[in-house]
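This report refers to the structure that appears directly beneath it.
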Amino acid sequence: MNPEQVVVFGAESFSSLAWYCLTHDSPFQVVAFTVDRAYVRSPTHHSLPVIPFEELENHFPPGTVRLLIPLGYHSINGLRRQRYEAAQRKGYQFISYISSRASTWPDLQVGQNCLVYEGAIIQPFARVGNNVIIRSAAHISHHCVVADHAFVAAGVTLGGNVRVGEQSFIGVGAVLRDGLTIAERSFIGAGAVVVADTQPDGVYVGNPARRMGKSALEASGGR
């Protein structure tokens, strides 16, 4: 059986990481990269063609390949969400990648266009939505919900029954107490210890975490 072919969005470090993992730890074959036309810097990336996203259907029509969009948390995950939704409108379907080195259980529910990297632990009854990135060594405890378009960075610990809202970003090494609700588009800084529910679009840092004056969009490089 021929491996299923995939086009990866991006031509920088996150896309290189996804390409490497798919190449060495998945049944998929990466056949090309795609980026917005304005960001095409080279005709190839890892010896594969780089296709302007605006022209992707001409080279790899929907139904012939699936996509993976491993973009980071820019604009509080808004950029990844925009490209994911644009690809949906073009008619593309998506893969998800779960590392063979992650610790998961048979009942795990993971949506499309998700990446779960090595060393991540996702306990029973946890659910992961669409277009979510869970980085290395994150711990997602039992009955947690990580909603669509979220980003959970390396070394994060979620206690049981935590709900991470849409487009939220949880920074490296952050700890979230059990039972919390992290509101949509929250930005949790690296190393923060969150002991109370958050508010939409807030930025939280420190131990215990406190809300800062800036917005999550500002903190994540957006406008």
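Labeling convention for the structure tokens: chains A, B, ... as they appear, residues from 1 per chain, ligands from 1 in order of appearance.
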
Compile a residue-level contact table for segment 57-103 of chain A against segment 181-198 of chain A at a cut-off of 10 Å, reporting for every qualifying residue the shortest atom pair and its distance in Å to one decimal, with only C-alpha atoms counted, rows ordered by chain and ascending number, as a Markdown table.
| residue | atom | partner | partner_atom | distance |
| --- | --- | --- | --- | --- |
| A:Tyr73 | CA | A:Phe187 | CA | 9.7 |
| A:Ser75 | CA | A:Arg185 | CA | 9.6 |
| A:Ile76 | CA | A:Arg185 | CA | 6.3 |
| A:Asn77 | CA | A:Arg185 | CA | 8.2 |
| A:Gly78 | CA | A:Arg185 | CA | 9.2 |

Can I get the selection written as a PDB file, in the first residue's frame, with C-alpha atoms?
ATOM      1  CA  TYR A  73       0.691  30.624  18.333  1.00  0.00           C
ATOM      2  CA  SER A  75      -1.915  36.184  16.881  1.00  0.00           C
ATOM      3  CA  ILE A  76      -3.105  33.984  19.774  1.00  0.00           C
ATOM      4  CA  ASN A  77      -3.298  31.030  17.362  1.00  0.00           C
ATOM      5  CA  GLY A  78      -5.310  33.153  14.934  1.00  0.00           C
TER       6      GLY A  78
END

Find the residues of segment 125-198 of chain A that sit at most 10 Å from segment 96-104 of chain A; for each, write down the nearest two atoms and how far apart they are in Å, to one decimal. Count only C-alpha atoms. Sort by chain, then by number going up, and give it as a Markdown table.
| residue | atom | partner | partner_atom | distance |
| --- | --- | --- | --- | --- |
| A:Ala126 | CA | A:Thr104 | CA | 9.6 |
| A:Asn130 | CA | A:Ser96 | CA | 9.1 |
| A:Asn131 | CA | A:Ser96 | CA | 8.7 |
| A:Val132 | CA | A:Ser96 | CA | 9.3 |
| A:Ile133 | CA | A:Tyr97 | CA | 9.7 |
| A:Ile134 | CA | A:Ile98 | CA | 9.4 |
| A:Ser136 | CA | A:Ala102 | CA | 8.3 |
| A:Ala137 | CA | A:Ala102 | CA | 8.2 |
| A:Ala138 | CA | A:Ala102 | CA | 9.6 |
| A:His139 | CA | A:Ser103 | CA | 9.4 |
| A:Ile140 | CA | A:Thr104 | CA | 9.8 |

Subject >> Spatial neighbours of Lys214 of chain A, 8 Å, only C-alpha atoms, chain gap at least 5 places, as JSON, numbers by chain >> reply: {"A": [202, 203, 219]}

Those same residues, written as a compact mmCIF listing (two decimals), in the first residue's frame with N, CA and C atoms?
# COMPACT_ATOMS: atom_id res chain seq x y z
N GLY A 202 -7.16 37.51 28.14
CA GLY A 202 -6.24 37.95 29.16
C GLY A 202 -4.87 37.32 29.06
N VAL A 203 -3.87 38.01 29.63
CA VAL A 203 -2.50 37.51 29.72
C VAL A 203 -2.19 37.28 31.19
N ALA A 219 0.37 40.02 23.27
CA ALA A 219 1.40 39.14 23.82
C ALA A 219 1.87 38.11 22.84

**OP:** Measure the distance from atom CA of Leu17 of chain A to atom CA of Leu79 of chain A in Å and round it to one decimal.
**Re:** 18.3 Å

**OP:** Extract the full set of strand (DSSP E) residues from segment 26-144 of chain A according to DSSP on the backbone, and format it as a PyMOL selection string.
**Re:** chain A and resi 28-35+44-45+48-52+66-68+97-98+109-110+115-116+121-122+127-128+133-134+139-140

Produce a file of the selected residues containing N, CA and C atoms, as a compact mmCIF listing (two decimals), in the first residue's frame.
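And here is the file that came out, selection.txt:
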# COMPACT_ATOMS: atom_id res chain seq x y z
N PHE A 28 2.63 8.51 6.82
CA PHE A 28 2.38 9.52 5.79
C PHE A 28 3.66 9.87 5.03
N GLN A 29 3.47 10.37 3.82
CA GLN A 29 4.58 10.83 2.99
C GLN A 29 4.38 12.30 2.67
N VAL A 30 5.30 13.15 3.12
CA VAL A 30 5.25 14.56 2.78
C VAL A 30 5.74 14.74 1.35
N VAL A 31 4.90 15.38 0.52
CA VAL A 31 5.26 15.54 -0.90
C VAL A 31 5.55 16.99 -1.26
N ALA A 32 5.17 17.94 -0.40
CA ALA A 32 5.40 19.36 -0.70
C ALA A 32 5.12 20.18 0.54
N PHE A 33 5.56 21.43 0.45
CA PHE A 33 5.21 22.44 1.45
C PHE A 33 4.40 23.53 0.74
N THR A 34 3.63 24.27 1.50
CA THR A 34 2.89 25.39 0.94
C THR A 34 2.93 26.57 1.91
N VAL A 35 3.06 27.76 1.37
CA VAL A 35 3.03 28.99 2.16
C VAL A 35 2.30 30.05 1.36
N THR A 44 12.22 25.34 -2.96
CA THR A 44 12.21 24.04 -2.29
C THR A 44 12.48 24.21 -0.80
N HIS A 45 12.07 23.20 -0.04
CA HIS A 45 12.33 23.11 1.40
C HIS A 45 12.50 21.64 1.70
N LEU A 48 11.91 19.39 -1.25
CA LEU A 48 10.54 19.25 -1.74
C LEU A 48 10.04 20.60 -2.23
N PRO A 49 9.12 20.60 -3.18
CA PRO A 49 8.65 21.88 -3.72
C PRO A 49 7.87 22.70 -2.70
N VAL A 50 8.02 24.01 -2.80
CA VAL A 50 7.23 24.96 -2.00
C VAL A 50 6.23 25.62 -2.94
N ILE A 51 4.95 25.40 -2.70
CA ILE A 51 3.89 25.85 -3.58
C ILE A 51 3.16 27.02 -2.93
N PRO A 52 2.93 28.12 -3.65
CA PRO A 52 2.09 29.17 -3.07
C PRO A 52 0.71 28.62 -2.70
N ARG A 66 -3.72 15.25 1.64
CA ARG A 66 -4.27 15.90 2.82
C ARG A 66 -3.24 16.91 3.34
N LEU A 67 -3.69 17.81 4.19
CA LEU A 67 -2.83 18.88 4.68
C LEU A 67 -2.52 18.71 6.17
N LEU A 68 -1.40 19.30 6.58
CA LEU A 68 -1.07 19.48 7.98
C LEU A 68 -0.56 20.92 8.12
N TYR A 97 -1.13 14.09 13.71
CA TYR A 97 0.07 13.31 14.04
C TYR A 97 0.14 13.15 15.55
N ILE A 98 0.22 11.90 16.01
CA ILE A 98 0.45 11.59 17.42
C ILE A 98 1.73 10.77 17.49
N GLN A 109 -9.76 10.95 22.19
CA GLN A 109 -10.43 11.64 21.11
C GLN A 109 -9.59 12.84 20.69
N VAL A 110 -9.09 12.82 19.47
CA VAL A 110 -8.29 13.90 18.90
C VAL A 110 -8.91 14.31 17.58
N LEU A 115 -1.28 18.00 16.38
CA LEU A 115 0.04 17.41 16.57
C LEU A 115 0.25 17.18 18.05
N VAL A 116 0.61 15.95 18.40
CA VAL A 116 0.93 15.58 19.77
C VAL A 116 2.36 15.02 19.75
N ILE A 121 1.85 13.26 27.70
CA ILE A 121 0.99 12.30 28.38
C ILE A 121 -0.44 12.82 28.32
N ILE A 122 -1.33 12.01 27.77
CA ILE A 122 -2.74 12.37 27.72
C ILE A 122 -3.51 11.25 28.39
N ARG A 127 -10.02 14.97 26.07
CA ARG A 127 -10.44 15.20 24.70
C ARG A 127 -9.66 16.38 24.12
N VAL A 128 -9.28 16.24 22.87
CA VAL A 128 -8.53 17.27 22.16
C VAL A 128 -9.30 17.64 20.91
N ILE A 133 -2.13 22.00 18.93
CA ILE A 133 -0.75 21.54 19.06
C ILE A 133 -0.45 21.28 20.54
N ILE A 134 0.04 20.08 20.84
CA ILE A 134 0.47 19.72 22.18
C ILE A 134 1.94 19.32 22.09
N HIS A 139 1.61 17.39 30.04
CA HIS A 139 0.80 16.41 30.77
C HIS A 139 -0.64 16.89 30.79
N ILE A 140 -1.51 16.17 30.08
CA ILE A 140 -2.93 16.49 30.00
C ILE A 140 -3.66 15.46 30.87

**OP:** Using only C-alpha atoms, determine which residues lie at most 7 Å from Pro70 of chain A, disregarding the query and same-chain residues fewer than 5 positions distant; provide the list as a ChimeraX atom specification.
**Re:** /A:9,14-15,18

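Distances to Ile95 of chain A were evaluated for A:Gly119, A:Pro200, A:Pro27, A:Pro124 using only C-alpha atoms, and the minimum falls at A:Pro27.
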
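Of note, atom CA of Ser26 of chain A and atom CA of Glu166 of chain A are spaced 27.2 Å apart.
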
**OP:** Please give the complete set of residues from segment 69-134 of chain A that DSSP, run on the backbone, assigns to helix (DSSP H, G or I), formatted as a VMD selection string.
**Re:** chain A and resid 78 to 90

Subject >> Gly159 of chain A environment, 9 Å, only C-alpha atoms, sequence neighbours closer than 6 positions dropped, as a list in words >> reply: His139, Ile140, Ser141, His142, Cys144, Val175, Leu176, Arg177, Asp178, Gly179 and Leu180 of chain A

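Between atom CA of Cys114 of chain A and atom CA of Ala209 of chain A the separation is 27.6 Å.
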